[in-house]
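Trainee: This one is upload-v2.pdb, PDB, C-alpha atoms.
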ATOM      1  CA  MET L   1       0.000   0.000   0.000
ATOM      2  CA  ARG L   2       2.847   2.329   0.812
ATOM      3  CA  ASP L   3       4.355   1.628  -2.648
ATOM      4  CA  PHE L   4       1.128   2.637  -4.241
ATOM      5  CA  GLN L   5       0.930   5.872  -2.244
ATOM      6  CA  ARG L   6       4.549   6.670  -2.943
ATOM      7  CA  LYS L   7       4.068   6.139  -6.722
ATOM      8  CA  ARG L   8       0.940   8.245  -6.582
ATOM      9  CA  LYS L   9       2.833  11.043  -4.852
ATOM     10  CA  ILE L  10       5.651  10.879  -7.433
ATOM     11  CA  ARG L  11       3.141  11.014 -10.318
ATOM     12  CA  LYS L  12       1.372  13.926  -8.686
ATOM     13  CA  VAL L  13       4.632  15.877  -8.476
ATOM     14  CA  LEU L  14       5.768  14.924 -11.997
ATOM     15  CA  TYR L  15       2.485  15.862 -13.642
ATOM     16  CA  SER L  16       2.042  19.131 -11.754
ATOM     17  CA  THR L  17       1.772  22.307 -13.802
ATOM     18  CA  TRP L  18       5.044  23.703 -12.444
ATOM     19  CA  VAL L  19       7.083  20.704 -13.488
ATOM     20  CA  LEU L  20       5.445  20.636 -16.919
ATOM     21  CA  PHE L  21       6.124  24.361 -17.279
ATOM     22  CA  VAL L  22       9.824  23.868 -16.405
ATOM     23  CA  ILE L  23      10.082  20.986 -18.905
ATOM     24  CA  LEU L  24       8.436  23.125 -21.597
ATOM     25  CA  LEU L  25      10.798  26.002 -20.801
ATOM     26  CA  LEU L  26      13.815  23.682 -21.086
ATOM     27  CA  LEU L  27      12.488  22.383 -24.402
ATOM     28  CA  VAL L  28      12.145  25.927 -25.750
ATOM     29  CA  LEU L  29      15.667  26.845 -24.630
ATOM     30  CA  VAL L  30      17.188  23.731 -26.177
ATOM     31  CA  SER L  31      15.336  24.256 -29.455
ATOM     32  CA  LYS L  32      16.468  27.899 -29.588
ATOM     33  CA  ALA L  33      20.090  26.869 -29.043
ATOM     34  CA  THR L  34      19.766  24.192 -31.728
ATOM     35  CA  TRP L  35      18.347  26.690 -34.210
ATOM     36  CA  GLY L  36      21.195  29.085 -33.453
ATOM     37  CA  LEU L  37      23.750  26.366 -34.162
ATOM     38  CA  TYR L  38      21.969  25.489 -37.395
ATOM     39  CA  ALA L  39      22.052  29.128 -38.539
ATOM     40  CA  LYS L  40      25.776  29.398 -37.721
ATOM     41  CA  GLU L  41      26.483  26.184 -39.634
ATOM     42  CA  ARG L  42      24.665  27.503 -42.724
ATOM     43  CA  GLU L  43      26.597  30.769 -42.557
ATOM     44  CA  SER L  44      29.871  28.875 -42.155
ATOM     45  CA  GLN L  45      29.023  26.733 -45.191
ATOM     46  CA  LYS L  46      28.330  29.857 -47.266
ATOM     47  CA  ASN L  47      31.652  31.352 -46.167
ATOM     48  CA  LEU L  48      33.435  28.099 -46.989
ATOM     49  CA  ASP L  49      31.930  28.062 -50.497
ATOM     50  CA  LYS L  50      32.915  31.691 -50.993
ATOM     51  CA  VAL L  51      36.501  31.040 -49.881
ATOM     52  CA  ALA L  52      36.723  27.931 -52.090
ATOM     53  CA  ALA L  53      35.620  29.965 -55.128
ATOM     54  CA  GLU L  54      38.142  32.680 -54.279
ATOM     55  CA  LEU L  55      40.879  30.051 -53.911
ATOM     56  CA  SER L  56      40.136  28.610 -57.339
ATOM     57  CA  GLU L  57      40.252  32.110 -58.874
ATOM     58  CA  LEU L  58      43.588  32.775 -57.177
ATOM     59  CA  ARG L  59      44.991  29.489 -58.475
ATOM     60  CA  LEU L  60      43.937  30.427 -62.012
ATOM     61  CA  ARG L  61      45.566  33.817 -61.590
ATOM     62  CA  GLU L  62      48.735  32.190 -60.301
ATOM     63  CA  ALA L  63      48.831  29.919 -63.352
ATOM     64  CA  ARG L  64      48.393  32.911 -65.698
ATOM     65  CA  LEU L  65      51.115  34.844 -63.891
ATOM     66  CA  ARG L  66      53.484  31.886 -64.085
ATOM     67  CA  THR L  67      52.941  31.638 -67.847
ATOM     68  CA  ASP L  68      53.555  35.389 -68.160
ATOM     69  CA  ILE L  69      56.769  35.067 -66.134
ATOM     70  CA  ASP L  70      57.937  32.177 -68.302
ATOM     71  CA  ARG L  71      57.143  34.198 -71.438
ATOM     72  CA  LEU L  72      58.942  37.296 -70.135
ATOM     73  CA  GLN L  73      62.108  35.320 -69.388
ATOM     74  CA  THR L  74      62.680  34.937 -73.135
ATOM     75  CA  THR L  75      63.945  37.721 -75.392
ATOM     76  CA  GLU L  76      60.946  37.339 -77.710
ATOM     77  CA  GLY L  77      58.577  37.764 -74.783
ATOM     78  CA  ILE L  78      60.329  40.868 -73.542
ATOM     79  CA  GLU L  79      60.313  42.363 -77.034
ATOM     80  CA  THR L  80      56.616  41.595 -77.506
ATOM     81  CA  GLU L  81      55.706  43.143 -74.180
ATOM     82  CA  ILE L  82      57.710  46.318 -74.881
ATOM     83  CA  ARG L  83      56.095  46.660 -78.316
ATOM     84  CA  GLU L  84      52.602  46.247 -76.850
ATOM     85  CA  GLN L  85      53.005  48.653 -73.963
ATOM     86  CA  PHE L  86      55.078  51.406 -75.518
ATOM     87  CA  GLN L  87      54.226  51.076 -79.236
ATOM     88  CA  VAL L  88      57.815  51.151 -80.397
ATOM     89  CA  ALA L  89      59.483  49.711 -83.488
ATOM     90  CA  LYS L  90      62.958  48.425 -84.177
ATOM     91  CA  PRO L  91      65.345  50.640 -86.125
ATOM     92  CA  GLY L  92      64.488  50.347 -89.809
ATOM     93  CA  GLU L  93      60.874  49.251 -89.167
ATOM     94  CA  ARG L  94      57.891  51.424 -89.865
ATOM     95  CA  MET L  95      54.858  51.650 -87.677
ATOM     96  CA  VAL L  96      51.381  51.832 -89.126
ATOM     97  CA  VAL L  97      48.570  53.320 -87.073
ATOM     98  CA  LEU L  98      45.051  52.587 -88.291
ATOM     99  CA  VAL L  99      42.397  55.175 -87.614
ATOM    100  CA  SER L 100      38.743  54.251 -88.028
ATOM    101  CA  ASP L 101      36.432  56.358 -90.191
ATOM    102  CA  ARG L 102      33.961  58.544 -88.459
ATOM    103  CA  LYS L 103      31.354  57.364 -90.924
ATOM    104  CA  ASN L 104      31.603  53.817 -89.630
ATOM    105  CA  ALA L 105      31.651  54.841 -86.010
ATOM    106  CA  PRO L 106      28.353  54.303 -84.197
ATOM    107  CA  LYS L 107      26.328  57.463 -83.905
ATOM    108  CA  GLN L 108      24.961  58.492 -80.587
ATOM    109  CA  LYS L 109      21.295  59.181 -80.692
ATOM    110  CA  VAL L 110      20.307  62.385 -78.941
ATOM    111  CA  GLU L 111      16.767  62.386 -77.684
ATOM    112  CA  GLU L 112      14.813  65.584 -77.840
ATOM    113  CA  ARG L 113      12.557  65.844 -74.804
ATOM    114  CA  SER L 114       9.565  68.082 -74.644
ATOM    115  CA  LEU L 115       9.083  70.567 -71.864
ATOM    116  CA  VAL L 116       6.576  68.237 -70.164
ATOM    117  CA  GLY L 117       9.003  65.307 -70.428
ATOM    118  CA  LYS L 118      11.779  67.352 -68.848
ATOM    119  CA  PHE L 119       9.407  68.373 -66.062
ATOM    120  CA  PHE L 120       8.564  64.721 -65.278
ATOM    121  CA  ASP L 121      12.280  63.815 -65.357
ATOM    122  CA  LEU L 122      12.767  66.117 -62.357
ATOM    123  CA  PHE L 123      10.763  63.678 -60.233
ATOM    124  CA  ARG L 124      12.564  60.492 -61.272
TER     125      ARG L 124
END
With the file now loaded, output its structure as C-alpha coordinates.
Mentor:
Amino acid sequence: MRDFQRKRKIRKVLYSTWVLFVILLLLVLVSKATWGLYAKERESQKNLDKVAAELSELRLREARLRTDIDRLQTTEGIETEIREQFQVAKPGERMVVLVSDRKNAPKQKVEERSLVGKFFDLFR
(Lines of atoms letter the chains of each structure in order from A and count residues from 1; the text may use other names and numbers.)
(Lines give C-alpha, C1' and ligand atoms only; values in the text may rest on other atoms or scores of the structure.)
Protein backbone atom coordinates (compact mmCIF):
# COMPACT_ATOMS: atom_id res chain seq x y z
CA MET A 1 0.00 0.00 0.00
CA ARG A 2 2.85 2.33 0.81
CA ASP A 3 4.35 1.63 -2.65
CA PHE A 4 1.13 2.64 -4.24
CA GLN A 5 0.93 5.87 -2.24
CA ARG A 6 4.55 6.67 -2.94
CA LYS A 7 4.07 6.14 -6.72
CA ARG A 8 0.94 8.25 -6.58
CA LYS A 9 2.83 11.04 -4.85
CA ILE A 10 5.65 10.88 -7.43
CA ARG A 11 3.14 11.01 -10.32
CA LYS A 12 1.37 13.93 -8.69
CA VAL A 13 4.63 15.88 -8.48
CA LEU A 14 5.77 14.92 -12.00
CA TYR A 15 2.48 15.86 -13.64
CA SER A 16 2.04 19.13 -11.75
CA THR A 17 1.77 22.31 -13.80
CA TRP A 18 5.04 23.70 -12.44
CA VAL A 19 7.08 20.70 -13.49
CA LEU A 20 5.44 20.64 -16.92
CA PHE A 21 6.12 24.36 -17.28
CA VAL A 22 9.82 23.87 -16.41
CA ILE A 23 10.08 20.99 -18.91
CA LEU A 24 8.44 23.12 -21.60
CA LEU A 25 10.80 26.00 -20.80
CA LEU A 26 13.82 23.68 -21.09
CA LEU A 27 12.49 22.38 -24.40
CA VAL A 28 12.14 25.93 -25.75
CA LEU A 29 15.67 26.85 -24.63
CA VAL A 30 17.19 23.73 -26.18
CA SER A 31 15.34 24.26 -29.45
CA LYS A 32 16.47 27.90 -29.59
CA ALA A 33 20.09 26.87 -29.04
CA THR A 34 19.77 24.19 -31.73
CA TRP A 35 18.35 26.69 -34.21
CA GLY A 36 21.20 29.09 -33.45
CA LEU A 37 23.75 26.37 -34.16
CA TYR A 38 21.97 25.49 -37.40
CA ALA A 39 22.05 29.13 -38.54
CA LYS A 40 25.78 29.40 -37.72
CA GLU A 41 26.48 26.18 -39.63
CA ARG A 42 24.66 27.50 -42.72
CA GLU A 43 26.60 30.77 -42.56
CA SER A 44 29.87 28.87 -42.16
CA GLN A 45 29.02 26.73 -45.19
CA LYS A 46 28.33 29.86 -47.27
CA ASN A 47 31.65 31.35 -46.17
CA LEU A 48 33.44 28.10 -46.99
CA ASP A 49 31.93 28.06 -50.50
CA LYS A 50 32.92 31.69 -50.99
CA VAL A 51 36.50 31.04 -49.88
CA ALA A 52 36.72 27.93 -52.09
CA ALA A 53 35.62 29.96 -55.13
CA GLU A 54 38.14 32.68 -54.28
CA LEU A 55 40.88 30.05 -53.91
CA SER A 56 40.14 28.61 -57.34
CA GLU A 57 40.25 32.11 -58.87
CA LEU A 58 43.59 32.78 -57.18
CA ARG A 59 44.99 29.49 -58.47
CA LEU A 60 43.94 30.43 -62.01
CA ARG A 61 45.57 33.82 -61.59
CA GLU A 62 48.73 32.19 -60.30
CA ALA A 63 48.83 29.92 -63.35
CA ARG A 64 48.39 32.91 -65.70
CA LEU A 65 51.11 34.84 -63.89
CA ARG A 66 53.48 31.89 -64.09
CA THR A 67 52.94 31.64 -67.85
CA ASP A 68 53.56 35.39 -68.16
CA ILE A 69 56.77 35.07 -66.13
CA ASP A 70 57.94 32.18 -68.30
CA ARG A 71 57.14 34.20 -71.44
CA LEU A 72 58.94 37.30 -70.14
CA GLN A 73 62.11 35.32 -69.39
CA THR A 74 62.68 34.94 -73.13
CA THR A 75 63.94 37.72 -75.39
CA GLU A 76 60.95 37.34 -77.71
CA GLY A 77 58.58 37.76 -74.78
CA ILE A 78 60.33 40.87 -73.54
CA GLU A 79 60.31 42.36 -77.03
CA THR A 80 56.62 41.59 -77.51
CA GLU A 81 55.71 43.14 -74.18
CA ILE A 82 57.71 46.32 -74.88
CA ARG A 83 56.09 46.66 -78.32
CA GLU A 84 52.60 46.25 -76.85
CA GLN A 85 53.01 48.65 -73.96
CA PHE A 86 55.08 51.41 -75.52
CA GLN A 87 54.23 51.08 -79.24
CA VAL A 88 57.81 51.15 -80.40
CA ALA A 89 59.48 49.71 -83.49
CA LYS A 90 62.96 48.42 -84.18
CA PRO A 91 65.35 50.64 -86.13
CA GLY A 92 64.49 50.35 -89.81
CA GLU A 93 60.87 49.25 -89.17
CA ARG A 94 57.89 51.42 -89.87
CA MET A 95 54.86 51.65 -87.68
CA VAL A 96 51.38 51.83 -89.13
CA VAL A 97 48.57 53.32 -87.07
CA LEU A 98 45.05 52.59 -88.29
CA VAL A 99 42.40 55.17 -87.61
CA SER A 100 38.74 54.25 -88.03
CA ASP A 101 36.43 56.36 -90.19
CA ARG A 102 33.96 58.54 -88.46
CA LYS A 103 31.35 57.36 -90.92
CA ASN A 104 31.60 53.82 -89.63
CA ALA A 105 31.65 54.84 -86.01
CA PRO A 106 28.35 54.30 -84.20
CA LYS A 107 26.33 57.46 -83.91
CA GLN A 108 24.96 58.49 -80.59
CA LYS A 109 21.29 59.18 -80.69
CA VAL A 110 20.31 62.39 -78.94
CA GLU A 111 16.77 62.39 -77.68
CA GLU A 112 14.81 65.58 -77.84
CA ARG A 113 12.56 65.84 -74.80
CA SER A 114 9.57 68.08 -74.64
CA LEU A 115 9.08 70.57 -71.86
CA VAL A 116 6.58 68.24 -70.16
CA GLY A 117 9.00 65.31 -70.43
CA LYS A 118 11.78 67.35 -68.85
CA PHE A 119 9.41 68.37 -66.06
CA PHE A 120 8.56 64.72 -65.28
CA ASP A 121 12.28 63.82 -65.36
CA LEU A 122 12.77 66.12 -62.36
CA PHE A 123 10.76 63.68 -60.23
CA ARG A 124 12.56 60.49 -61.27
Trainee: What's the separation between CA of Gln87 in chain L and CA of Arg66 in chain L, in Å to one decimal place?
Mentor: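 It comes out at 24.5 Å.
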Trainee: Measure the distance from CA of Lys90 in chain L to CA of Gln73 in chain L in Å and round it to one decimal.
Mentor: 19.8 Å
Trainee: Could you check how far CA of Thr75 in chain L sits from CA of Pro91 in chain L, in Å to one decimal?
Mentor: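 A separation of 16.9 Å between them.
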Trainee: Please write out, as lines of an AutoDock Vina configuration file, where the centre of an axis-aligned box around all listed atoms of range 37-46 of chain L lies and how long its edges are, in Å to one decimal, after adding 8 Å on each side.
Mentor:
center_x = 25.9
center_y = 28.1
center_z = -40.7
size_x = 23.9
size_y = 21.3
size_z = 29.1
